[in-house]
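K.L.:
As input, take upload.cif (mmCIF, C-alpha atoms):
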```
data_upload
#
loop_
_atom_site.label_atom_id
_atom_site.label_comp_id
_atom_site.auth_asym_id
_atom_site.auth_seq_id
_atom_site.Cartn_x
_atom_site.Cartn_y
_atom_site.Cartn_z
CA MET F 1 -9.92 -39.71 11.80
CA VAL F 2 -11.16 -38.01 8.62
CA VAL F 3 -8.73 -35.16 7.96
CA ARG F 4 -5.39 -34.50 9.64
CA VAL F 5 -4.43 -30.85 9.98
CA ARG F 6 -0.99 -29.46 10.77
CA LEU F 7 -0.73 -25.75 11.58
CA VAL F 8 2.84 -24.52 11.13
CA GLY F 9 4.41 -21.24 12.36
CA CYS F 10 5.07 -18.59 13.24
CA GLY F 11 6.88 -20.12 16.15
CA ARG F 12 4.91 -23.31 16.77
CA VAL F 13 3.40 -26.44 15.24
CA ILE F 14 -0.09 -27.67 16.18
CA THR F 15 -1.51 -30.94 14.88
CA MET F 16 -5.13 -32.05 15.08
CA GLU F 17 -7.51 -34.57 13.61
CA LEU F 18 -10.96 -33.54 12.42
CA GLU F 19 -13.74 -36.10 12.67
CA GLU F 20 -15.99 -34.07 10.42
CA ARG F 21 -14.47 -33.24 7.04
CA PRO F 22 -14.86 -29.67 5.76
CA ARG F 23 -15.86 -29.66 2.07
CA THR F 24 -13.07 -27.37 0.89
CA VAL F 25 -9.83 -25.79 2.07
CA GLY F 26 -11.68 -22.47 2.34
CA GLU F 27 -14.25 -24.04 4.70
CA LEU F 28 -11.46 -25.54 6.78
CA LEU F 29 -9.79 -22.13 7.17
CA ALA F 30 -13.08 -20.46 8.05
CA GLY F 31 -13.72 -23.15 10.70
CA LEU F 32 -10.28 -22.57 12.18
CA ARG F 33 -10.90 -18.79 12.06
CA LEU F 34 -7.74 -18.31 10.01
CA ALA F 35 -7.45 -15.37 7.62
CA PRO F 36 -6.78 -16.92 4.18
CA GLU F 37 -4.61 -13.89 3.44
CA SER F 38 -2.05 -14.92 6.04
CA VAL F 39 -1.57 -18.59 5.12
CA VAL F 40 -0.73 -20.97 2.30
CA VAL F 41 -2.13 -24.49 2.29
CA LEU F 42 -0.57 -27.78 1.23
CA ARG F 43 -2.87 -30.76 0.64
CA ASN F 44 -0.90 -33.99 0.80
CA GLY F 45 2.26 -31.99 0.09
CA SER F 46 0.95 -29.96 -2.88
CA LEU F 47 0.13 -26.28 -2.84
CA VAL F 48 -3.61 -25.74 -3.35
CA THR F 49 -6.14 -22.91 -3.59
CA GLU F 50 -9.09 -22.33 -1.24
CA ASP F 51 -11.49 -24.03 -3.70
CA GLU F 52 -9.68 -27.35 -3.36
CA GLU F 53 -12.04 -30.10 -2.20
CA LEU F 54 -10.95 -32.34 0.65
CA VAL F 55 -11.37 -36.10 0.89
CA ASP F 56 -11.11 -38.54 3.78
CA GLY F 57 -7.54 -39.27 4.83
CA ASP F 58 -6.12 -35.96 3.58
CA LEU F 59 -3.21 -34.33 5.36
CA VAL F 60 -3.64 -30.57 5.24
CA GLU F 61 -0.72 -28.35 6.23
CA VAL F 62 -1.55 -24.72 6.91
CA LEU F 63 1.58 -22.58 6.84
CA ALA F 64 1.62 -19.07 8.23
CA ALA F 65 3.05 -16.48 5.87
CA CYS F 66 5.13 -14.68 8.45
CA PRO F 67 8.33 -12.71 7.86
CA GLY F 68 11.35 -15.04 7.89
CA GLY F 69 10.76 -18.47 9.41
CA ILE F 70 11.86 -20.39 6.37
CA ASP F 71 14.55 -22.97 6.13
CA GLY F 72 15.72 -22.43 2.58
CA SER F 73 18.35 -25.13 2.51
CA VAL F 74 16.82 -27.01 -0.36
CA LEU F 75 16.45 -24.33 -3.04
CA MET G 1 -9.80 -28.45 -8.60
CA ALA G 2 -9.22 -24.84 -9.59
CA ARG G 3 -7.83 -24.22 -13.08
CA CYS G 4 -5.05 -21.83 -14.11
CA SER G 5 -6.53 -18.72 -15.77
CA ARG G 6 -3.70 -18.73 -18.33
CA CYS G 7 -3.13 -22.34 -19.39
CA GLY G 8 -5.89 -24.41 -17.76
CA GLY G 9 -3.42 -26.38 -15.64
CA ARG G 10 -3.86 -27.10 -11.95
CA ALA G 11 -3.97 -23.77 -10.08
CA VAL G 12 -1.82 -23.41 -6.97
CA ILE G 13 -2.49 -19.78 -6.03
CA ARG G 14 -4.55 -16.69 -6.79
CA ALA G 15 -2.30 -13.75 -7.71
CA LYS G 16 -2.97 -10.60 -5.75
CA LEU G 17 -2.13 -8.04 -8.40
CA SER G 18 -3.84 -9.62 -11.42
CA GLY G 19 -6.52 -11.64 -9.60
CA GLU G 20 -5.69 -14.66 -11.78
CA LEU G 21 -5.59 -18.27 -10.62
CA LEU G 22 -2.16 -19.57 -11.59
CA CYS G 23 -0.49 -22.96 -11.97
CA ARG G 24 3.10 -23.51 -10.85
CA ASP G 25 4.74 -22.52 -14.17
CA CYS G 26 2.51 -19.51 -14.79
CA PHE G 27 3.07 -18.37 -11.18
CA GLU G 28 6.83 -18.48 -11.78
CA GLU G 29 6.36 -16.38 -14.91
CA TYR G 30 4.04 -13.97 -13.06
CA PHE G 31 6.42 -13.65 -10.09
CA LEU G 32 9.38 -12.76 -12.31
CA SER G 33 7.27 -10.33 -14.34
CA ILE G 34 6.06 -8.37 -11.30
CA ALA G 35 9.61 -8.29 -9.93
CA LYS G 36 10.76 -6.84 -13.26
CA ARG G 37 7.88 -4.35 -13.17
CA ALA G 38 8.92 -3.19 -9.69
CA LEU G 39 12.52 -2.76 -10.84
CA SER G 40 11.48 -0.94 -14.01
CA GLU G 41 9.50 1.56 -11.93
CA ARG G 42 12.25 2.00 -9.35
CA PRO G 43 15.10 2.53 -10.07
CA GLY G 44 14.36 1.96 -13.81
CA LEU G 45 15.86 -0.63 -16.13
CA GLU G 46 18.34 1.85 -17.63
CA ALA G 47 19.76 2.68 -14.20
CA LEU G 48 20.12 -1.02 -13.43
CA ASN G 49 21.90 -1.98 -16.63
CA GLY G 50 25.55 -2.77 -15.87
CA SER G 51 25.14 -2.18 -12.13
CA ARG G 52 26.50 -4.05 -9.12
CA VAL G 53 23.72 -5.11 -6.77
CA LEU G 54 24.35 -6.21 -3.20
CA VAL G 55 21.49 -8.39 -1.91
CA ALA G 56 20.94 -8.11 1.85
CA LEU G 57 20.19 -11.70 2.88
CA SER G 58 18.47 -12.56 6.13
CA GLY G 59 17.94 -16.17 5.04
CA GLY G 60 14.16 -15.79 5.28
CA LYS G 61 11.82 -16.48 2.38
CA ASP G 62 11.72 -12.91 1.09
CA SER G 63 15.42 -12.18 0.81
CA LEU G 64 16.09 -15.63 -0.69
CA ASN G 65 13.35 -15.00 -3.27
CA ALA G 66 14.82 -11.55 -3.99
CA LEU G 67 18.21 -13.16 -4.61
CA TYR G 68 16.61 -15.80 -6.82
CA VAL G 69 14.76 -13.30 -9.03
CA LEU G 70 17.77 -10.99 -9.37
CA VAL G 71 19.88 -13.94 -10.49
CA ALA G 72 17.09 -15.13 -12.83
CA LEU G 73 16.72 -11.65 -14.35
CA GLY G 74 20.42 -10.82 -14.02
CA GLU G 75 21.51 -11.50 -17.56
CA GLU G 76 18.50 -9.78 -19.15
CA LEU G 77 18.87 -6.69 -16.95
CA GLY G 78 22.68 -6.63 -16.96
CA LEU G 79 23.21 -7.11 -13.23
CA GLU G 80 26.23 -8.22 -11.27
CA VAL G 81 24.77 -9.78 -8.12
CA GLU G 82 26.54 -10.27 -4.80
CA ALA G 83 25.10 -10.97 -1.36
CA VAL G 84 25.80 -10.27 2.27
CA ALA G 85 24.35 -12.12 5.25
CA VAL G 86 24.27 -10.36 8.60
CA ASP G 87 24.32 -12.30 11.86
CA GLU G 88 22.65 -9.99 14.36
CA GLY G 89 23.13 -12.51 17.16
CA ILE G 90 19.65 -13.88 17.93
CA SER G 91 20.26 -17.32 19.37
CA GLY G 92 18.17 -20.22 18.16
CA TYR G 93 16.73 -18.21 15.27
CA ARG G 94 19.30 -16.57 13.06
CA ASP G 95 21.69 -19.52 12.82
CA VAL G 96 19.16 -21.61 10.84
CA ALA G 97 18.39 -18.73 8.49
CA LEU G 98 22.08 -17.93 7.94
CA ARG G 99 22.73 -21.51 6.88
CA ALA G 100 19.92 -21.11 4.34
CA ALA G 101 21.49 -17.86 3.10
CA ARG G 102 24.87 -19.50 2.62
CA ASP G 103 23.46 -22.63 0.96
CA THR G 104 21.16 -20.74 -1.37
CA SER G 105 23.71 -18.19 -2.52
CA GLY G 106 26.17 -21.05 -3.08
CA ARG G 107 23.69 -22.98 -5.21
CA LEU G 108 22.87 -19.87 -7.23
CA GLY G 109 26.58 -19.19 -7.75
CA VAL G 110 26.51 -15.87 -5.90
CA ARG G 111 29.35 -14.75 -3.65
CA CYS G 112 28.01 -14.14 -0.14
CA ALA G 113 29.93 -12.19 2.49
CA ALA G 114 29.16 -12.87 6.15
CA VAL G 115 29.32 -10.22 8.87
CA SER G 116 28.12 -10.13 12.46
CA PHE G 117 27.05 -7.51 15.00
CA GLU G 118 29.38 -9.17 17.49
CA ASP G 119 32.44 -8.53 15.26
CA GLU G 120 31.31 -5.14 13.99
CA TYR G 121 29.80 -3.61 17.12
CA GLY G 122 30.98 -5.77 20.00
CA PHE G 123 27.48 -6.86 21.08
CA THR G 124 24.56 -8.94 19.79
CA VAL G 125 20.85 -8.20 19.50
CA ASP G 126 20.40 -10.64 22.43
CA ASP G 127 22.71 -8.37 24.51
CA ALA G 128 20.69 -5.30 23.47
CA ALA G 129 17.45 -7.15 24.33
CA ARG G 130 18.75 -7.93 27.82
CA ALA G 131 19.62 -4.24 28.25
CA TYR G 132 16.09 -3.31 27.09
CA PHE G 133 14.33 -5.78 29.39
CA SER G 134 16.41 -4.60 32.37
CA GLY G 135 15.41 -1.00 31.63
CA ALA G 136 18.97 0.12 30.82
CA ILE G 137 18.07 1.30 27.30
CA GLY G 138 14.83 2.54 25.76
CA TYR G 139 15.34 1.02 22.31
CA LYS G 140 13.40 -2.17 21.56
CA PRO G 141 15.45 -5.04 20.09
CA CYS G 142 13.70 -4.60 16.70
CA THR G 143 14.81 -0.96 16.51
CA VAL G 144 18.40 -1.80 17.42
CA CYS G 145 18.41 -4.65 14.90
CA GLY G 146 16.75 -2.73 12.03
CA VAL G 147 18.69 0.52 12.34
CA LEU G 148 22.11 -1.09 12.84
CA LYS G 149 21.56 -3.60 10.04
CA ARG G 150 20.68 -0.85 7.54
CA HIS G 151 23.69 1.16 8.72
CA LEU G 152 26.07 -1.79 8.39
CA ILE G 153 24.77 -2.89 5.00
CA ASN G 154 25.05 0.65 3.66
CA ARG G 155 28.66 0.84 4.84
CA LEU G 156 29.51 -2.53 3.26
CA ALA G 157 27.80 -1.53 0.01
CA LEU G 158 29.86 1.70 -0.10
CA GLU G 159 33.06 -0.21 0.61
CA MET G 160 32.46 -2.73 -2.17
CA GLY G 161 31.32 -0.09 -4.66
CA ALA G 162 27.78 -1.43 -5.08
CA ASP G 163 25.36 0.70 -7.10
CA PHE G 164 22.29 -0.68 -5.31
CA VAL G 165 21.31 -2.61 -2.21
CA ALA G 166 18.46 -5.07 -2.85
CA THR G 167 16.20 -6.10 0.01
CA GLY G 168 13.38 -8.62 0.32
CA HIS G 169 10.76 -6.04 1.34
CA ASN G 170 7.41 -7.11 -0.08
CA MET G 171 3.97 -5.55 -0.53
CA ASP G 172 2.91 -6.46 3.02
CA ASP G 173 6.01 -4.77 4.46
CA GLU G 174 5.33 -1.61 2.43
CA VAL G 175 1.68 -1.43 3.48
CA GLN G 176 2.55 -2.14 7.13
CA THR G 177 5.16 0.64 7.09
CA LEU G 178 2.56 3.10 5.81
CA VAL G 179 0.08 2.13 8.55
CA ILE G 180 2.80 2.27 11.24
CA ASN G 181 3.80 5.77 10.10
CA VAL G 182 0.13 6.84 10.17
CA LEU G 183 -0.33 5.38 13.67
CA ARG G 184 2.78 7.23 14.84
CA GLY G 185 1.67 10.43 13.13
CA ASP G 186 4.98 10.44 11.25
CA LEU G 187 4.38 12.47 8.09
CA ARG G 188 8.07 12.66 7.22
CA GLY G 189 8.34 8.88 7.62
CA ILE G 190 5.67 8.43 4.93
CA ALA G 191 7.41 10.85 2.59
CA LYS G 192 10.88 9.45 3.30
CA GLU G 193 10.01 5.87 2.31
CA GLY G 194 9.40 7.00 -1.26
CA ALA G 195 12.79 8.63 -1.39
CA ALA G 196 14.62 5.40 -0.56
CA ALA G 197 15.70 4.82 -4.15
CA SER G 198 16.83 8.38 -4.84
CA ARG G 199 20.49 9.35 -4.99
CA VAL G 200 22.00 10.81 -1.85
CA GLU G 201 25.76 10.91 -1.53
CA GLY G 202 26.94 8.34 1.00
CA LEU G 203 23.69 6.38 0.83
CA VAL G 204 23.52 3.44 -1.57
CA PRO G 205 20.00 3.43 -3.09
CA ARG G 206 17.77 0.50 -2.21
CA ILE G 207 15.79 -1.58 -4.67
CA LYS G 208 12.87 -3.86 -3.81
CA PRO G 209 12.16 -6.53 -6.43
CA LEU G 210 9.32 -7.99 -4.30
CA TYR G 211 7.45 -4.68 -4.01
CA TYR G 212 4.35 -6.15 -5.73
CA VAL G 213 4.59 -9.57 -4.07
CA THR G 214 2.52 -10.40 -0.97
CA ASP G 215 3.85 -12.30 2.05
CA ARG G 216 1.65 -15.21 1.05
CA GLU G 217 2.88 -15.28 -2.57
CA SER G 218 6.44 -15.07 -1.33
CA LEU G 219 5.93 -18.08 0.93
CA ALA G 220 4.26 -20.02 -1.90
CA PHE G 221 7.14 -19.18 -4.26
CA ALA G 222 9.71 -20.28 -1.69
CA LEU G 223 7.86 -23.57 -1.15
CA LEU G 224 7.60 -24.23 -4.86
CA HIS G 225 11.36 -23.81 -5.10
CA GLY G 226 11.91 -26.42 -2.44
CA PHE G 227 12.17 -24.34 0.71
CA ARG G 228 10.65 -25.84 3.81
CA PRO G 229 9.38 -23.52 6.52
CA SER G 230 11.01 -23.96 9.88
CA PRO G 231 8.59 -23.39 12.75
CA SER G 232 10.64 -20.55 14.14
CA GLU G 233 10.13 -16.84 14.40
CA CYS G 234 12.29 -14.10 15.81
CA PRO G 235 11.80 -14.22 19.60
CA TYR G 236 11.47 -10.42 19.71
CA VAL G 237 8.97 -9.93 16.87
CA ARG G 238 5.93 -9.77 19.18
CA LEU G 239 7.34 -6.68 20.88
CA SER G 240 7.00 -4.70 17.68
CA LEU G 241 4.08 -2.58 16.54
CA ARG G 242 4.59 -4.13 13.09
CA TYR G 243 3.53 -7.52 14.43
CA ARG G 244 0.14 -6.23 15.57
CA VAL G 245 -0.32 -4.18 12.42
CA ARG G 246 0.41 -7.24 10.24
CA LEU G 247 -2.23 -9.33 12.01
CA ALA G 248 -4.83 -6.58 11.75
CA ILE G 249 -4.21 -5.87 8.06
CA ASN G 250 -4.36 -9.56 7.12
CA GLU G 251 -7.63 -9.99 8.94
CA MET G 252 -9.11 -6.95 7.21
CA GLU G 253 -7.77 -8.04 3.81
CA SER G 254 -9.44 -11.45 4.18
CA ALA G 255 -12.76 -9.79 5.03
CA GLU G 256 -12.40 -7.11 2.38
CA PRO G 257 -10.06 -8.20 -0.44
CA GLY G 258 -8.26 -5.37 -2.21
CA LEU G 259 -7.46 -3.37 0.91
CA LYS G 260 -3.71 -3.94 0.64
CA LEU G 261 -3.61 -2.80 -2.97
CA ARG G 262 -5.62 0.30 -2.08
CA LEU G 263 -3.21 1.10 0.74
CA LEU G 264 -0.23 0.57 -1.58
CA ARG G 265 -1.72 3.02 -4.10
CA LEU G 266 -2.48 5.49 -1.31
CA LYS G 267 1.12 5.24 -0.11
CA GLU G 268 2.42 6.04 -3.61
CA GLU G 269 0.02 8.96 -3.98
CA LEU G 270 0.95 10.35 -0.57
CA GLN G 271 4.62 10.07 -1.41
CA ARG G 272 4.15 12.00 -4.65
CA GLU G 273 2.20 14.70 -2.82
CA LEU G 274 4.63 14.82 0.08
CA SER G 275 7.87 14.72 -1.88
CA ALA G 276 8.69 18.25 -0.66
CA ALA G 277 8.45 17.07 2.94
CA ALA G 278 11.02 14.37 2.19
CA SER G 279 13.66 16.82 1.05
CA VAL G 280 15.35 17.35 4.37
CA GLU G 281 18.86 18.65 4.67
CA LEU G 282 21.32 15.86 5.33
CA ARG G 283 24.64 16.26 7.06
CA ARG G 284 27.45 13.83 7.83
CA CYS G 285 27.35 11.99 11.15
CA PRO G 286 30.50 13.08 13.03
CA TYR G 287 31.11 9.50 14.21
CA CYS G 288 30.53 7.28 11.17
CA GLY G 289 30.33 9.78 8.29
CA GLN G 290 27.03 8.43 6.93
CA PRO G 291 24.32 10.94 5.88
CA THR G 292 21.72 11.85 8.52
CA PRO G 293 19.15 14.60 9.16
CA ARG G 294 20.22 14.59 12.86
CA ASP G 295 23.36 15.86 14.63
CA ILE G 296 24.37 12.25 15.31
CA CYS G 297 22.89 9.45 13.17
CA ARG G 298 20.42 7.10 14.80
CA ALA G 299 22.77 4.10 14.47
CA CYS G 300 25.57 5.86 16.35
CA HIS G 301 23.10 7.06 18.98
CA ILE G 302 21.92 3.45 19.52
CA LEU G 303 25.52 2.18 19.59
CA ARG G 304 26.40 4.71 22.28
CA GLU G 305 23.38 3.76 24.42
CA VAL G 306 23.78 0.00 24.12
CA ARG G 307 27.54 0.03 24.65
CA GLY G 308 27.09 2.27 27.72
CA ALA G 309 24.45 -0.07 29.15
CA ILE G 310 26.57 -3.18 28.54
CA ARG G 311 29.64 -1.60 30.16
CA LEU G 312 27.55 -0.71 33.23
CA SER G 313 26.00 -4.17 33.60
#
```
Could you rewrite the structure in this file as structure tokens?

P.N.:
Amino acid sequence: MVVRVRLVGCGRVITMELEERPRTVGELLAGLRLAPESVVVLRNGSLVTEDEELVDGDLVEVLAACPGGIDGSVL
Amino acid sequence: MARCSRCGGRAVIRAKLSGELLCRDCFEEYFLSIAKRALSERPGLEALNGSRVLVALSGGKDSLNALYVLVALGEELGLEVEAVAVDEGISGYRDVALRAARDTSGRLGVRCAAVSFEDEYGFTVDDAARAYFSGAIGYKPCTVCGVLKRHLINRLALEMGADFVATGHNMDDEVQTLVINVLRGDLRGIAKEGAAASRVEGLVPRIKPLYYVTDRESLAFALLHGFRPSPSECPYVRLSLRYRVRLAINEMESAEPGLKLRLLRLKEELQRELSAAASVELRRCPYCGQPTPRDICRACHILREVRGAIRLS
């Protein structure tokens, strides 16, 4: 396992492990054919931009920016 | 690691409107400034000063962010902020969001009223959806939900003497609405959207603090304030044209950045040009008394259809 990826929403959660590490978040999104405009990305729990470089062992969460679908209980 | 264009800190997002890379603190500043800009353009800061604003809370990221910014800007702009959360009756979806609405308004010190379709109308959106799927009514659940929610919130705002109703509509919603109206060939729909903040007796004007905020920025802002996304979406959303339009626009924006902003500008230009088409004669609905260009308002028409279908089933 090199990079763990968790795709969240709208309506489902998909987890996967990538054996080959993409260089950046942008490359990861392109590989997953996800429009950067419709997601935000957390790397190990922190919000990052598409230029962010990935390293082995990273957990990358890709969250869909859909209407609603937010549990706001911890504001 | 990308650097913040303003302070050199660690960037967390690229802002759509300014194109800047922003760190957490500068993003907060940016978010509040574009919300203030939206409010200063419509309805204008003078109109807002000393006003009572009712925030329509769904419990999703956008309406919670709208509540947050209105509270954050409240003292500076002279606002008295209250909230209302509407339970449309969508099982397994709305209950989580309503808890978020209650918790958030409580933490921000804002009084939040709770109302439900079940109490107000005697049926839920789930009931209306069953009637739609069985062929008893022609209205999709999203139409029933959207029209009745606007109708109910307007009535509540009138009853409590609110000067404005604030909603969480963001830039993506605005652009999608334009494209939907174009696809439907609805010229008056395009013109009418621009008139939403104008004064019509019996209609509390709407304000949209997130007008310049994208869906993505709204989600990022919610996350930075400690929200966690729940992997749920409205079970009826995929029936709507808006759903398909949203996917298409996001794909095109990623391939050709700037498209959303161009569409937003086009929408504003069209609304200026079409303002005459928006000036339709309004009359009072004989059933509920709210203003409408029709003989019977759309909400009362939907209520009649759904109630008839439920009685028959």

K.L.:
So what do you get for atom CA of F:Glu61 versus atom CA of G:Leu22, distance-wise?

P.N.:
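These two atoms are separated by 19.9 Å.
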
K.L.:
For the structure provided, state which residues fall under the PyMOL selection byres ((chain F and resi 47) around 12), and present them as a PyMOL selection string.

P.N.:
(chain F and resi 25+39-46+48-52+59-63) or (chain G and resi 1-2+10-14+22-24+27+216-217+219-226)

K.L.:
If you apply the PyMOL selection byres ((chain F and resi 7) around 9) to this file, what residues do you get, as number ranges by chain?

P.N.:
F: 5-6, 8-9, 12-16, 60-64

K.L.:
Could you write those residues out with C-alpha atoms, as a compact mmCIF listing (two decimals), keeping the file's coordinate frame?

P.N.:
```txt
# COMPACT_ATOMS: atom_id res chain seq x y z
CA VAL F 5 -4.43 -30.85 9.98
CA ARG F 6 -0.99 -29.46 10.77
CA VAL F 8 2.84 -24.52 11.13
CA GLY F 9 4.41 -21.24 12.36
CA ARG F 12 4.91 -23.31 16.77
CA VAL F 13 3.40 -26.44 15.24
CA ILE F 14 -0.09 -27.67 16.18
CA THR F 15 -1.51 -30.94 14.88
CA MET F 16 -5.13 -32.05 15.08
CA VAL F 60 -3.64 -30.57 5.24
CA GLU F 61 -0.72 -28.35 6.23
CA VAL F 62 -1.55 -24.72 6.91
CA LEU F 63 1.58 -22.58 6.84
CA ALA F 64 1.62 -19.07 8.23
```

K.L.:
What does the PyMOL selection byres ((chain F and resi 55) around 9) select in this file, as a count of residues only?

P.N.:
11

K.L.:
With distances taken over all atoms listed in the file, which residue among F:Ala65, F:Leu18, F:Leu28, F:Leu34 lies nearest chain G?

P.N.:
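Going through F:Ala65, F:Leu18, F:Leu28, F:Leu34 one by one, the smallest distance to chain G is for F:Ala65.
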
K.L.:
Of the candidates G:Ala97, G:Ala166, G:Met160, G:Ala85, which one gets nearest to chain F if we count only C-alpha atoms?

P.N.:
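Of all the options, G:Ala97 lies closest to chain F.
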
K.L.:
Would you pick out the contacts of stretch 202-209 of chain G at 6 Å or less, using only C-alpha atoms, so that residues sharing its chain but fewer than 3 positions from it are not included, and give the list as a ChimeraX atom specification?

P.N.:
/G:35,38-39,164-167,169,197,290

K.L.:
One decimal, in Å: what's the spacing between atom CA of G:Asp25 and atom CA of G:Arg3?

P.N.:
12.7 Å

K.L.:
I need the residue nearest chain G from this list: F:Ser38, F:Glu19, F:Arg33, F:Glu27. Use all atoms listed in the file for the distance.

P.N.:
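That would be F:Ser38, the residue with the smallest distance to chain G.
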
K.L.:
To box stretch 120-137 of chain G, take all atoms listed in the file, fit an axis-aligned box, add 3 Å on each side, and give centre and edge lengths in Å to one decimal, as AutoDock Vina command-line options.

P.N.:
```
--center_x 22.8 --center_y -4.7 --center_z 23.2 --size_x 23.0 --size_y 17.9 --size_z 24.4
```

K.L.:
Hey, can you check how far atom CA of G:Leu210 sits from atom CA of G:Gly89?

P.N.:
25.9 Å

K.L.:
Determine the nearest neighbour of chain F from the options G:Glu80, G:Asp215, G:Glu20, G:Glu41, counting all atoms listed in the file.

P.N.:
G:Asp215

K.L.:
With all atoms listed in the file as the counted atoms, please give the residues lying no more than 9 Å from stretch 171-181 of chain G, apart from itself and same-chain residues fewer than 3 positions off, as an mmCIF file with C-alpha atoms, keeping the file's coordinate frame.

P.N.:
```
data_model
loop_
_atom_site.group_PDB
_atom_site.id
_atom_site.type_symbol
_atom_site.label_atom_id
_atom_site.label_comp_id
_atom_site.auth_asym_id
_atom_site.auth_seq_id
_atom_site.Cartn_x
_atom_site.Cartn_y
_atom_site.Cartn_z
ATOM 1 C CA PRO F 67 8.330 -12.710 7.860
ATOM 2 C CA ARG G 184 2.780 7.230 14.840
ATOM 3 C CA GLY G 185 1.670 10.430 13.130
ATOM 4 C CA ASP G 186 4.980 10.440 11.250
ATOM 5 C CA LEU G 187 4.380 12.470 8.090
ATOM 6 C CA ARG G 188 8.070 12.660 7.220
ATOM 7 C CA GLY G 189 8.340 8.880 7.620
ATOM 8 C CA ILE G 190 5.670 8.430 4.930
ATOM 9 C CA GLU G 193 10.010 5.870 2.310
ATOM 10 C CA LEU G 210 9.320 -7.990 -4.300
ATOM 11 C CA TYR G 211 7.450 -4.680 -4.010
ATOM 12 C CA TYR G 212 4.350 -6.150 -5.730
ATOM 13 C CA VAL G 213 4.590 -9.570 -4.070
ATOM 14 C CA THR G 214 2.520 -10.400 -0.970
ATOM 15 C CA ASP G 215 3.850 -12.300 2.050
ATOM 16 C CA LEU G 241 4.080 -2.580 16.540
ATOM 17 C CA ARG G 242 4.590 -4.130 13.090
ATOM 18 C CA VAL G 245 -0.320 -4.180 12.420
ATOM 19 C CA ARG G 246 0.410 -7.240 10.240
ATOM 20 C CA ILE G 249 -4.210 -5.870 8.060
ATOM 21 C CA ASN G 250 -4.360 -9.560 7.120
ATOM 22 C CA LYS G 260 -3.710 -3.940 0.640
ATOM 23 C CA LEU G 261 -3.610 -2.800 -2.970
ATOM 24 C CA LEU G 263 -3.210 1.100 0.740
ATOM 25 C CA LEU G 264 -0.230 0.570 -1.580
ATOM 26 C CA LYS G 267 1.120 5.240 -0.110
#
```

K.L.:
Given only C-alpha atoms as the basis, pick out the residue of G:Ala129, G:Ala47, G:Ala15, G:Leu73 nearest to chain F.

P.N.:
G:Ala15

K.L.:
Find the residues near G:Asn65: any atom within 9 Å, counting all atoms listed in the file, skip ones fewer than 2 places away on the same chain, and give them as number ranges by chain.

P.N.:
G: 60-63, 67-70, 168, 210, 218, 221-222

K.L.:
Using all atoms listed in the file, can you tell me which of G:Ala162, G:Ala100, G:Asp95, G:Glu29 comes closest to G:Ser51?

P.N.:
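When distances to G:Ser51 are compared using all atoms listed in the file, the smallest one comes from G:Ala162.
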